[in-house]
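See below for target_0.txt, which holds compact mmCIF, C-alpha atoms.
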# COMPACT_ATOMS: atom_id res chain seq x y z
CA MET A 1 0.00 0.00 0.00
CA PRO A 2 1.51 3.39 -0.99
CA PRO A 3 1.87 5.96 1.78
CA PHE A 4 -1.14 8.11 2.50
CA ASP A 5 -0.84 11.86 2.82
CA THR A 6 -1.23 11.85 6.58
CA ARG A 7 -1.11 15.65 6.65
CA VAL A 8 -4.71 15.54 5.40
CA PRO A 9 -7.20 14.41 8.07
CA ALA A 10 -10.54 12.76 7.36
CA VAL A 11 -13.85 14.05 8.72
CA LEU A 12 -16.58 11.41 8.96
CA LEU A 13 -20.07 12.87 9.18
CA ARG A 14 -23.21 11.05 10.33
CA THR A 15 -26.58 12.23 11.64
CA ASP A 16 -28.16 8.75 11.83
CA ARG A 17 -28.25 8.03 15.57
CA ASN A 18 -28.24 4.24 15.25
CA PRO A 19 -25.61 3.08 17.78
CA PHE A 20 -25.08 -0.15 15.82
CA HIS A 21 -23.88 1.60 12.63
CA HIS A 22 -20.90 -0.70 12.01
CA GLY A 23 -20.05 0.93 8.66
CA THR A 24 -18.86 4.03 10.51
CA LEU A 25 -16.54 1.90 12.63
CA GLY A 26 -15.18 0.27 9.48
CA ALA A 27 -14.36 3.67 7.98
CA VAL A 28 -12.72 4.87 11.20
CA ARG A 29 -10.53 1.79 11.34
CA THR A 30 -9.47 1.59 7.70
CA LEU A 31 -8.32 5.22 7.64
CA GLY A 32 -6.81 5.13 11.12
CA ARG A 33 -4.77 2.04 10.29
CA ALA A 34 -3.37 3.89 7.29
CA GLY A 35 -2.12 6.65 9.58
CA VAL A 36 -4.83 9.16 8.69
CA GLU A 37 -6.10 11.40 11.48
CA VAL A 38 -9.82 10.59 11.85
CA HIS A 39 -12.35 13.12 13.17
CA LEU A 40 -15.86 11.84 13.76
CA VAL A 41 -18.87 14.15 13.70
CA ALA A 42 -21.70 12.00 15.09
CA ASP A 43 -23.81 11.29 18.14
CA CYS A 44 -21.67 8.61 19.78
CA ALA A 45 -23.35 8.59 23.19
CA GLY A 46 -23.43 4.91 24.06
CA SER A 47 -22.16 3.89 20.62
CA PRO A 48 -19.19 1.49 20.36
CA VAL A 49 -17.62 3.48 17.51
CA GLY A 50 -16.72 6.30 19.87
CA ARG A 51 -14.54 3.85 21.80
CA SER A 52 -12.27 3.04 18.86
CA ARG A 53 -8.61 3.87 19.39
CA PHE A 54 -8.50 5.14 15.81
CA VAL A 55 -10.80 8.10 16.50
CA ARG A 56 -8.58 11.13 16.97
CA ARG A 57 -11.42 13.35 18.12
CA LEU A 58 -15.20 13.32 18.49
CA HIS A 59 -17.07 16.46 17.44
CA PRO A 60 -20.66 17.37 18.41
CA PRO A 61 -23.04 16.54 15.55
CA PRO A 62 -25.73 18.77 14.07
CA ALA A 63 -29.04 18.89 15.91
CA PRO A 64 -31.39 15.96 15.13
CA HIS A 65 -33.06 16.44 11.74
CA ALA A 66 -30.91 19.49 11.03
CA GLY A 67 -31.28 20.78 7.50
CA PRO A 68 -28.43 21.78 5.18
CA ASP A 69 -27.92 25.06 7.04
CA GLY A 70 -27.40 23.27 10.35
CA ILE A 71 -25.06 20.72 8.80
CA ALA A 72 -23.11 23.51 7.06
CA ALA A 73 -22.70 25.37 10.37
CA THR A 74 -21.36 22.23 12.05
CA LEU A 75 -18.89 21.56 9.25
CA ARG A 76 -17.68 25.17 9.28
CA ARG A 77 -17.02 24.85 13.02
CA VAL A 78 -15.04 21.63 12.54
CA ALA A 79 -13.08 23.14 9.65
CA ALA A 80 -12.13 26.15 11.78
CA GLU A 81 -10.85 23.85 14.52
CA LEU A 82 -8.77 21.80 12.07
CA ALA A 83 -7.40 24.88 10.26
CA ARG A 84 -6.38 22.78 7.25
CA PRO A 85 -8.18 21.02 4.39
CA ALA A 86 -9.70 17.62 5.18
CA VAL A 87 -11.30 14.80 3.24
CA LEU A 88 -15.03 14.82 4.00
CA LEU A 89 -16.89 11.50 4.05
CA PRO A 90 -20.68 11.41 4.63
CA MET A 91 -21.71 8.11 6.21
CA ASP A 92 -25.50 8.19 5.75
CA ASP A 93 -27.97 9.35 3.10
CA ALA A 94 -29.01 12.51 4.95
CA THR A 95 -25.45 13.83 5.13
CA ALA A 96 -24.62 12.70 1.58
CA VAL A 97 -27.59 14.66 0.27
CA ALA A 98 -26.69 17.72 2.38
CA VAL A 99 -23.04 17.68 1.32
CA GLY A 100 -24.08 17.40 -2.33
CA ALA A 101 -26.25 20.49 -1.97
CA LEU A 102 -23.51 22.37 -0.05
CA ARG A 103 -20.65 21.43 -2.35
CA THR A 104 -19.77 24.98 -3.42
CA GLU A 105 -19.87 26.29 0.14
CA LEU A 106 -17.73 23.46 1.50
CA ALA A 107 -15.12 23.34 -1.26
CA ALA A 108 -12.79 25.85 0.43
CA ALA A 109 -12.38 23.73 3.57
CA TYR A 110 -12.93 20.13 2.44
CA LEU A 111 -11.66 17.83 -0.29
CA LEU A 112 -14.60 16.33 -2.18
CA PRO A 113 -14.94 14.07 -5.23
CA ALA A 114 -15.15 15.75 -8.61
CA ALA A 115 -18.50 17.37 -9.27
CA SER A 116 -21.15 14.94 -10.50
CA ASP A 117 -23.68 15.65 -13.19
CA LEU A 118 -26.43 15.03 -10.64
CA LEU A 119 -26.96 15.68 -6.97
CA PRO A 120 -26.90 12.70 -4.59
CA GLU A 121 -30.54 13.36 -3.68
CA HIS A 122 -31.62 12.29 -7.17
CA VAL A 123 -30.50 8.72 -6.52
CA ALA A 124 -30.94 8.55 -2.74
CA ASP A 125 -34.61 9.51 -3.12
CA LYS A 126 -36.41 6.21 -3.83
CA ALA A 127 -39.09 7.82 -6.00
CA GLU A 128 -36.61 9.78 -8.09
CA LEU A 129 -34.45 6.67 -8.51
CA ALA A 130 -37.35 4.91 -10.20
CA GLY A 131 -37.49 7.72 -12.77
CA VAL A 132 -33.72 7.63 -13.27
CA CYS A 133 -33.84 3.89 -13.97
CA THR A 134 -36.66 4.32 -16.46
CA ALA A 135 -34.77 7.06 -18.30
CA LEU A 136 -31.57 4.98 -18.49
CA ASP A 137 -33.27 1.63 -19.22
CA VAL A 138 -31.91 0.08 -16.04
CA PRO A 139 -34.16 -2.71 -14.69
CA HIS A 140 -36.14 -1.55 -11.66
CA PRO A 141 -39.24 -2.99 -9.99
CA VAL A 142 -42.50 -1.47 -11.24
CA THR A 143 -43.12 1.50 -8.95
CA VAL A 144 -46.20 3.61 -8.22
CA VAL A 145 -46.23 6.87 -6.24
CA PRO A 146 -49.89 7.23 -5.16
CA ASP A 147 -51.42 10.66 -4.62
CA SER A 148 -54.29 9.54 -2.40
CA ALA A 149 -55.14 6.84 0.10
CA ALA A 150 -57.62 5.32 -2.33
CA GLN A 151 -54.99 5.22 -5.06
CA ALA A 152 -52.55 3.55 -2.68
CA ALA A 153 -55.07 0.80 -1.94
CA ALA A 154 -55.85 0.34 -5.64
CA ALA A 155 -52.18 0.29 -6.63
CA ALA A 156 -51.42 -2.38 -4.04
CA GLY A 157 -54.02 -4.63 -5.62
CA CYS A 158 -52.88 -3.91 -9.18
CA LEU A 159 -49.20 -4.57 -8.47
CA GLY A 160 -50.03 -7.96 -7.00
CA LEU A 161 -49.88 -8.58 -3.28
CA PRO A 162 -47.65 -8.55 -1.40
CA VAL A 163 -46.05 -5.26 -2.44
CA VAL A 164 -43.09 -3.34 -1.07
CA ALA A 165 -43.89 0.01 0.54
CA LYS A 166 -41.08 2.57 0.87
CA TRP A 167 -40.79 6.15 2.01
CA SER A 168 -38.96 8.04 -0.70
CA ARG A 169 -36.67 9.86 1.75
CA PRO A 170 -36.30 7.49 4.70
CA TRP A 171 -33.75 9.71 6.44
CA LEU A 172 -36.65 12.10 7.20
CA LEU A 173 -38.59 9.53 9.24
CA PRO A 174 -39.01 10.85 12.78
CA PRO A 175 -37.90 8.50 15.57
CA GLY A 176 -40.43 6.96 17.91
CA THR A 177 -43.23 6.69 15.33
CA GLY A 178 -42.81 3.02 14.50
CA LEU A 179 -42.48 3.88 10.80
CA ARG A 180 -39.88 1.86 8.93
CA SER A 181 -38.15 2.82 5.71
CA THR A 182 -39.33 -0.35 3.94
CA VAL A 183 -42.15 -2.76 4.77
CA LEU A 184 -43.96 -5.58 3.02
CA VAL A 185 -47.67 -4.80 2.56
CA ASP A 186 -50.09 -7.74 2.40
CA THR A 187 -53.45 -5.97 1.94
CA PRO A 188 -54.83 -2.84 0.24
CA ARG A 189 -55.98 -1.65 3.67
CA GLN A 190 -52.38 -1.67 4.92
CA ALA A 191 -51.33 0.43 1.93
CA ARG A 192 -54.14 2.89 2.62
CA ARG A 193 -53.19 3.24 6.29
CA LEU A 194 -49.54 3.81 5.44
CA TYR A 195 -50.43 6.53 2.96
CA GLU A 196 -52.48 8.28 5.64
CA ARG A 197 -49.22 8.76 7.59
CA THR A 198 -47.45 10.57 4.74
CA ARG A 199 -47.38 13.93 6.51
CA GLU A 200 -45.88 12.27 9.58
CA ALA A 201 -43.26 10.45 7.48
CA GLY A 202 -42.03 13.63 5.82
CA SER A 203 -41.78 12.26 2.27
CA PRO A 204 -44.03 10.50 -0.28
CA LEU A 205 -44.96 6.84 -0.06
CA LEU A 206 -44.16 4.61 -3.00
CA LEU A 207 -45.40 1.10 -3.72
CA GLN A 208 -43.21 -1.32 -5.58
CA GLU A 209 -43.56 -4.68 -7.25
CA PHE A 210 -42.28 -7.41 -4.93
CA LEU A 211 -39.47 -9.53 -6.32
CA PRO A 212 -39.24 -12.56 -4.02
CA PRO A 213 -35.84 -13.11 -2.38
CA GLY A 214 -34.06 -16.42 -2.70
CA PRO A 215 -30.66 -18.10 -2.90
CA ASP A 216 -28.24 -16.14 -5.11
CA LEU A 217 -30.85 -13.45 -5.89
CA ASP A 218 -29.72 -10.59 -3.61
CA TRP A 219 -26.58 -8.78 -4.72
CA PHE A 220 -24.75 -5.56 -3.91
CA VAL A 221 -22.03 -3.49 -5.53
CA HIS A 222 -19.62 -1.18 -3.72
CA ALA A 223 -17.32 1.03 -5.77
CA TYR A 224 -15.42 4.28 -5.94
CA ALA A 225 -15.79 6.33 -9.12
CA ASP A 226 -12.71 8.53 -9.51
CA HIS A 227 -12.46 11.95 -11.20
CA SER A 228 -12.66 10.29 -14.63
CA GLY A 229 -15.62 8.10 -13.70
CA ALA A 230 -13.60 4.88 -13.65
CA LEU A 231 -14.52 2.32 -11.00
CA VAL A 232 -11.20 1.85 -9.20
CA ALA A 233 -12.12 -0.07 -6.04
CA GLY A 234 -14.84 -2.31 -4.64
CA GLY A 235 -16.55 -5.33 -6.11
CA THR A 236 -19.74 -7.36 -6.39
CA GLY A 237 -21.11 -9.46 -3.56
CA ARG A 238 -23.98 -11.75 -2.64
CA LYS A 239 -26.12 -11.29 0.43
CA LEU A 240 -26.21 -14.67 2.17
CA TYR A 241 -28.17 -13.58 5.21
CA SER A 242 -30.02 -10.36 6.01
CA TRP A 243 -31.48 -8.78 9.12
CA PRO A 244 -34.46 -8.61 9.17
CA ARG A 245 -34.71 -11.69 6.99
CA GLY A 246 -35.40 -11.13 3.30
CA ALA A 247 -35.37 -7.32 3.29
CA GLY A 248 -32.81 -5.98 5.73
CA LEU A 249 -29.13 -5.10 5.95
CA THR A 250 -26.40 -7.55 5.04
CA ALA A 251 -25.65 -9.70 8.07
CA VAL A 252 -23.48 -12.11 6.06
CA GLY A 253 -22.11 -11.32 2.61
CA VAL A 254 -19.56 -12.91 0.31
CA TRP A 255 -17.33 -11.42 -2.41
CA SER A 256 -18.64 -13.02 -5.61
CA PRO A 257 -17.26 -11.73 -8.93
CA ASN A 258 -20.10 -10.87 -11.32
CA PRO A 259 -18.82 -9.19 -14.52
CA ARG A 260 -22.35 -8.61 -15.80
CA LEU A 261 -23.34 -6.67 -12.68
CA TRP A 262 -20.07 -4.73 -12.59
CA GLN A 263 -20.57 -3.67 -16.22
CA LEU A 264 -24.14 -2.57 -15.46
CA THR A 265 -22.82 -0.45 -12.58
CA ALA A 266 -20.11 1.07 -14.79
CA ARG A 267 -22.73 2.01 -17.40
CA LEU A 268 -24.98 3.54 -14.76
CA VAL A 269 -22.12 5.61 -13.30
CA ASP A 270 -21.03 6.73 -16.76
CA GLU A 271 -24.49 7.81 -17.90
CA LEU A 272 -25.21 9.60 -14.63
CA GLY A 273 -21.78 11.23 -14.48
CA TYR A 274 -21.55 10.11 -10.85
CA ARG A 275 -18.33 10.60 -8.88
CA GLY A 276 -17.46 9.31 -5.42
CA VAL A 277 -18.29 6.30 -3.25
CA LEU A 278 -21.44 4.33 -4.03
CA ASP A 279 -23.36 1.35 -2.66
CA LEU A 280 -25.96 -0.32 -4.88
CA ASP A 281 -28.46 -3.05 -3.99
CA PHE A 282 -29.78 -5.39 -6.69
CA ARG A 283 -32.23 -8.28 -6.74
CA ARG A 284 -32.15 -10.74 -9.62
CA CYS A 285 -35.56 -11.75 -10.91
CA ALA A 286 -35.76 -15.53 -10.74
CA ARG A 287 -38.07 -15.60 -13.76
CA THR A 288 -36.21 -13.30 -16.18
CA GLY A 289 -32.68 -13.37 -14.79
CA ARG A 290 -32.46 -9.55 -14.93
CA TYR A 291 -30.82 -7.60 -12.13
CA HIS A 292 -33.17 -4.94 -10.77
CA LEU A 293 -31.66 -1.93 -9.02
CA LEU A 294 -33.39 -1.51 -5.65
CA ASP A 295 -31.28 1.19 -3.98
CA PHE A 296 -28.53 3.63 -4.92
CA ASN A 297 -26.74 4.91 -1.82
CA PRO A 298 -24.33 7.79 -2.59
CA ARG A 299 -21.97 6.93 0.30
CA PRO A 300 -20.15 3.88 1.72
CA GLY A 301 -22.30 0.88 2.48
CA ALA A 302 -22.07 -0.70 5.92
CA GLN A 303 -20.25 -3.78 4.58
CA PHE A 304 -17.76 -1.91 2.37
CA ARG A 305 -14.82 -3.57 4.13
CA LEU A 306 -15.76 -6.87 2.48
CA PHE A 307 -14.07 -5.53 -0.64
CA ALA A 308 -10.55 -5.01 0.74
CA ASP A 309 -8.24 -6.42 -1.93
CA THR A 310 -4.77 -7.98 -1.60
CA ALA A 311 -3.21 -4.49 -1.48
CA GLY A 312 -5.54 -3.43 1.34
CA LEU A 313 -7.50 -1.06 -0.90
CA ASP A 314 -11.19 -0.44 -0.19
CA VAL A 315 -13.54 2.32 -1.35
CA VAL A 316 -12.86 4.59 1.63
CA ARG A 317 -9.08 4.35 1.23
CA ALA A 318 -9.50 4.90 -2.51
CA LEU A 319 -11.38 8.13 -1.80
CA HIS A 320 -8.62 9.52 0.44
CA LEU A 321 -5.82 8.49 -1.92
CA ASP A 322 -7.59 9.91 -4.98
CA LEU A 323 -8.50 13.23 -3.38
CA THR A 324 -4.93 13.71 -2.10
CA HIS A 325 -3.46 12.80 -5.51
CA ARG A 326 -1.74 9.66 -4.33
CA PRO A 327 -1.46 6.57 -6.57
CA LEU A 328 -3.83 3.69 -5.96
CA PRO A 329 -2.21 0.27 -5.54
CA ALA A 330 -2.89 -2.51 -8.02
CA GLY A 331 -4.27 -5.26 -5.80
CA GLU A 332 -6.10 -8.45 -6.70
CA PRO A 333 -9.70 -9.34 -5.76
CA ARG A 334 -10.30 -11.82 -2.96
CA PRO A 335 -13.30 -13.88 -4.10
CA GLY A 336 -14.94 -15.94 -1.40
CA ARG A 337 -14.03 -13.45 1.34
CA ARG A 338 -16.91 -12.94 3.79
CA PHE A 339 -18.27 -10.11 5.89
CA VAL A 340 -20.14 -10.99 9.09
CA VAL A 341 -22.05 -8.75 11.50
CA GLU A 342 -21.62 -10.69 14.73
CA ASN A 343 -24.70 -9.50 16.62
CA TYR A 344 -26.98 -10.55 13.72
CA ALA A 345 -25.15 -13.77 12.77
CA PRO A 346 -23.17 -14.95 15.84
CA LEU A 347 -22.88 -18.60 14.76
CA THR A 348 -21.53 -17.65 11.33
CA ALA A 349 -18.91 -15.50 13.03
CA LEU A 350 -17.61 -18.62 14.80
CA ARG A 351 -17.41 -20.88 11.75
CA PRO A 352 -14.17 -21.33 9.76
CA ALA A 353 -13.73 -19.03 6.75
CA PRO A 354 -11.01 -20.50 4.51
CA ASP A 355 -11.17 -17.60 2.01
CA GLY A 356 -10.91 -14.90 4.66
CA ARG A 357 -13.40 -12.93 6.69
CA GLU A 358 -13.99 -9.41 8.02
CA LEU A 359 -15.97 -9.02 11.22
CA ALA A 360 -17.99 -5.86 11.63
CA TRP A 361 -17.15 -5.29 15.31
CA HIS A 362 -14.29 -7.43 16.56
CA ALA A 363 -10.70 -6.54 15.60
CA PRO A 364 -7.52 -7.73 17.33
CA ASP A 365 -5.99 -4.25 17.09
CA ASP A 366 -9.13 -2.43 18.31
CA ARG A 367 -10.91 -4.65 20.83
CA VAL A 368 -12.88 -2.15 22.90
CA PRO A 369 -15.68 -1.41 20.34
CA GLY A 370 -16.42 -5.13 19.96
CA LEU A 371 -16.72 -5.61 23.71
CA ALA A 372 -18.83 -2.48 24.04
CA MET A 373 -21.13 -3.69 21.27
CA TRP A 374 -22.02 -6.89 23.12
CA THR A 375 -22.86 -4.95 26.29
CA LEU A 376 -25.02 -2.54 24.32
CA TRP A 377 -26.63 -5.31 22.26
CA SER A 378 -27.55 -7.33 25.35
CA ALA A 379 -29.29 -4.31 26.84
CA HIS A 380 -31.06 -3.64 23.52
CA VAL A 381 -32.36 -7.22 23.28
CA SER A 382 -33.48 -7.17 26.90
CA ARG A 383 -35.48 -3.98 26.33
CA ARG A 384 -37.13 -5.44 23.24
CA LEU A 385 -38.10 -8.63 25.03
CA SER A 386 -39.43 -6.71 28.03
CA GLY A 387 -41.51 -4.51 25.76
CA ARG A 388 -43.04 -7.51 24.01
CA LEU A 389 -43.84 -9.20 27.30
CA ARG A 390 -45.54 -6.03 28.61
CA SER A 391 -47.52 -5.71 25.38
CA ALA A 392 -48.64 -9.34 25.54
CA ALA A 393 -49.73 -8.93 29.16
CA THR A 394 -51.73 -5.73 28.65
CA PRO A 395 -55.52 -6.20 28.29
CA GLY A 396 -56.82 -5.06 24.95
CA ARG A 397 -53.53 -5.54 23.12
CA PRO A 398 -52.72 -8.35 20.67
CA GLY A 399 -51.35 -11.41 22.41
CA TRP A 400 -53.22 -10.92 25.73
CA ARG A 401 -55.21 -13.83 27.03

Could you express the structure from this file as structure tokens?
Amino acid sequence: MPPFDTRVPAVLLRTDRNPFHHGTLGAVRTLGRAGVEVHLVADCAGSPVGRSRFVRRLHPPPAPHAGPDGIAATLRRVAAELARPAVLLPMDDATAVAVGALRTELAAAYLLPAASDLLPEHVADKAELAGVCTALDVPHPVTVVPDSAAQAAAAAGCLGLPVVAKWSRPWLLPPGTGLRSTVLVDTPRQARRLYERTREAGSPLLLQEFLPPGPDLDWFVHAYADHSGALVAGGTGRKLYSWPRGAGLTAVGVWSPNPRLWQLTARLVDELGYRGVLDLDFRRCARTGRYHLLDFNPRPGAQFRLFADTAGLDVVRALHLDLTHRPLPAGEPRPGRRFVVENYAPLTALRPAPDGRELAWHAPDDRVPGLAMWTLWSAHVSRRLSGRLRSAATPGRPGWR
């Protein structure tokens, strides 16, 4: 691995308050191990990532649900404290969208990928992504954006139950409402009731054709598109196990070379003029064999460390090297390598992995976050179980006898 320009720090930005955001820990570690000074702007109260020895400094995050102005004010404060240019890396959709909109304002203090032909919000927004796919002839599940509760109920029936219901801008969902970014809807009535919560959700509801999951059907692509648009890091992987099952994050993934999917990603990046880190989710239709793009995340995916090649290059390291004008090493892929999130797949984490494995939390050179995660996870599971028991024991609630 060529030397990094360690004079240039990295600022990781996240407003998502999920304490189990293991992708942030992966980014902290991969840059810290390379000798880069890592500054983390996030709410780390009770989060294991704040315990990593590779975090140089924690900075107070923007206020919850801060808009671009609030995020800009926070980043200006951090820049003033650093007093030197830094590589800026958004770690969730909300910050990726905000940084895209603030690019001109931030350019004096932060190193950012070359300007893209589109703003990140155009692909992060689930409804807009459907239009992008249609315009570029990229397979995408049939999608309807209803404009009334009645239309939502009718569309659910027409698409063929069950259907997938998504909020177009899930980062706007307020906490404590019980609303989830994606749910499977089994009846027209469910679709109607979801639509009736649109104002509360903060963005439009969309209904999408359901492509059933199955073995070898769920795929993802992580890549870094450099200033010329070339994909210079990352790879294609299969989701072996998800949490929640069938529609959640990757709990176990494997590096599986797929030239067809890589070429589709390269075409998409080229036609969009996209630059920077990206994380795409695909589902292959078992009937047609076509890969349908489900999500385009304009930032690192949580399992990006799966794609660390023989030279140690991953998409986050590629970003720092590229933006500081350092050469990227020519490593080889590591097919068969696995990524395991221990709290979602503990037994898999204990099984042998002859082709190599990356654990989301445990690391021999950074043990404290892994230990802290298990303490936090045990408390989280206990609260969930207690809540279910109280619900089942309350008269008038489902499950009471």

Compute the distance from (-6.7, 8.9, 7.9) to each atom, counting only C-alpha atoms, keep the residues with any atom at most 9 Å away, and return them as a list in words; use the coordinates of the file.
->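 Looking at atoms near the point gives Phe4, Asp5, Thr6, Arg7, Val8, Pro9, Ala10, Val11, Val28, Arg29, Thr30, Leu31, Gly32, Arg33, Ala34, Gly35, Val36, Glu37, Val38, His39, Phe54, Val87, Arg317 and His320 of chain A.
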
Have a look at atom CA of Leu179 of chain A and atom CA of Ser382 of chain A and let me know their distance in Å, one decimal.
->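 Atom-to-atom, atom CA of Leu179 of chain A and atom CA of Ser382 of chain A are spaced 21.5 Å apart.
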
Give me, as JSON lines, each residue of segment 15-45 of chain A that comes within 12 Å of segment 245-264 of chain A, together with its shortest interatomic pair and the distance in Å at one decimal, counting only C-alpha atoms, with rows ordered by chain and rising residue number.
{"residue": "A:Phe20", "atom": "CA", "partner": "A:Leu249", "partner_atom": "CA", "distance": 11.8}
{"residue": "A:His21", "atom": "CA", "partner": "A:Leu249", "partner_atom": "CA", "distance": 10.8}
{"residue": "A:His22", "atom": "CA", "partner": "A:Ala251", "partner_atom": "CA", "distance": 10.9}
{"residue": "A:Gly23", "atom": "CA", "partner": "A:Thr250", "partner_atom": "CA", "distance": 11.2}

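Comparing A:Arg14, A:Arg287, A:His227, A:Arg169 by their smallest distance to Pro213 of chain A, the closest is A:Arg287 (using all atoms listed in the file).
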
Could you tell me how far atom CA of Asp137 of chain A lies from atom CA of Leu268 of chain A, in Å and to one decimal?
->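 Spanning atom CA of Asp137 of chain A to atom CA of Leu268 of chain A is a straight-line distance of 9.6 Å.
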
Identify the residues within 8 Å of coordinate (-30.7, 8.6, -4.1) (same frame as the file), considering all atoms listed in the file, and give the answer as a CSV table (one decimal) with C-alpha atoms, keeping the file's coordinate frame.
chain,number,residue,atom,x,y,z
A,93,ASP,CA,-28.0,9.4,3.1
A,120,PRO,CA,-26.9,12.7,-4.6
A,121,GLU,CA,-30.5,13.4,-3.7
A,122,HIS,CA,-31.6,12.3,-7.2
A,123,VAL,CA,-30.5,8.7,-6.5
A,124,ALA,CA,-30.9,8.6,-2.7
A,125,ASP,CA,-34.6,9.5,-3.1
A,126,LYS,CA,-36.4,6.2,-3.8
A,128,GLU,CA,-36.6,9.8,-8.1
A,129,LEU,CA,-34.4,6.7,-8.5
A,295,ASP,CA,-31.3,1.2,-4.0
A,296,PHE,CA,-28.5,3.6,-4.9
A,297,ASN,CA,-26.7,4.9,-1.8
A,298,PRO,CA,-24.3,7.8,-2.6

Can you pull out every residue within 6 Å of Thr310 of chain A, counting all atoms listed in the file, but drop anything in the same chain fewer than 2 positions away, and send it as an MDAnalysis selection string?
-> chainID A and resid 312 331:332

I need the residues from that last selection saved to file as a PDB file, in the coordinates of the input (with C-alpha atoms), if you can.
ATOM      1  CA  GLY A 312      -5.540  -3.430   1.340  1.00  0.00           C
ATOM      2  CA  GLY A 331      -4.270  -5.260  -5.800  1.00  0.00           C
ATOM      3  CA  GLU A 332      -6.100  -8.450  -6.700  1.00  0.00           C
TER       4      GLU A 332
END

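Checking A:Pro188, A:Pro48, A:Pro335, A:Pro113 one by one against Ala318 of chain A, counting all atoms listed in the file, you find the shortest gap at A:Pro113.
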
Tell me which protein, DNA and RNA residues are within 12 Å of Gln151 of chain A, counting only C-alpha atoms, leaving out same-chain ones fewer than 3 positions away, and put them as number ranges by chain.
-> A: 144-148, 154-159, 188-189, 191-196, 205-207

Which residue of A:Leu211, A:Val164, A:Leu371, A:Ala114 approaches Gly100 of chain A most closely, using all atoms listed in the file |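 Using all atoms listed in the file, the shortest distance to Gly100 of chain A belongs to A:Ala114.
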
Residues near Pro333 of chain A, cut-off 8 Å, only C-alpha atoms, skip fewer than 6 positions along chain, as an NGL selection string | :A and (235 or 307-310)

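With distances restricted to only C-alpha atoms, A:His140 is the closest residue to Arg284 of chain A from A:His140, A:Arg199, A:Arg305, A:Arg77.
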
Distance in Å - atom CA of Leu272 of chain A versus atom CA of His222 of chain A =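 Atom CA of His222 of chain A lies at a distance of 16.3 Å from atom CA of Leu272 of chain A.
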
Show me, as a PDB file with C-alpha atoms, keeping the file's coordinate frame, the residues that have an atom within 10 Å of Pro175 of chain A when counting only C-alpha atoms, minus same-chain residues fewer than 2 positions from it.
ATOM      1  CA  ARG A  17     -28.250   8.030  15.570  1.00  0.00           C
ATOM      2  CA  PRO A  64     -31.390  15.960  15.130  1.00  0.00           C
ATOM      3  CA  LEU A 172     -36.650  12.100   7.200  1.00  0.00           C
ATOM      4  CA  LEU A 173     -38.590   9.530   9.240  1.00  0.00           C
ATOM      5  CA  THR A 177     -43.230   6.690  15.330  1.00  0.00           C
ATOM      6  CA  GLY A 178     -42.810   3.020  14.500  1.00  0.00           C
ATOM      7  CA  LEU A 179     -42.480   3.880  10.800  1.00  0.00           C
ATOM      8  CA  ARG A 180     -39.880   1.860   8.930  1.00  0.00           C
ATOM      9  CA  ALA A 201     -43.260  10.450   7.480  1.00  0.00           C
TER      10      ALA A 201
END

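Take the candidates A:Ser181, A:Asn18, A:Ser116, A:Thr134 and check each one against Ser47 of chain A using only C-alpha atoms; the shortest distance goes to A:Asn18.
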
Find the residue from A:Glu342, A:Asp279, A:Asp16, A:Asp69 that sits nearest to Gly234 of chain A; use all atoms listed in the file when measuring.
->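 With all atoms listed in the file as the atom set, the closest residue is A:Asp279.
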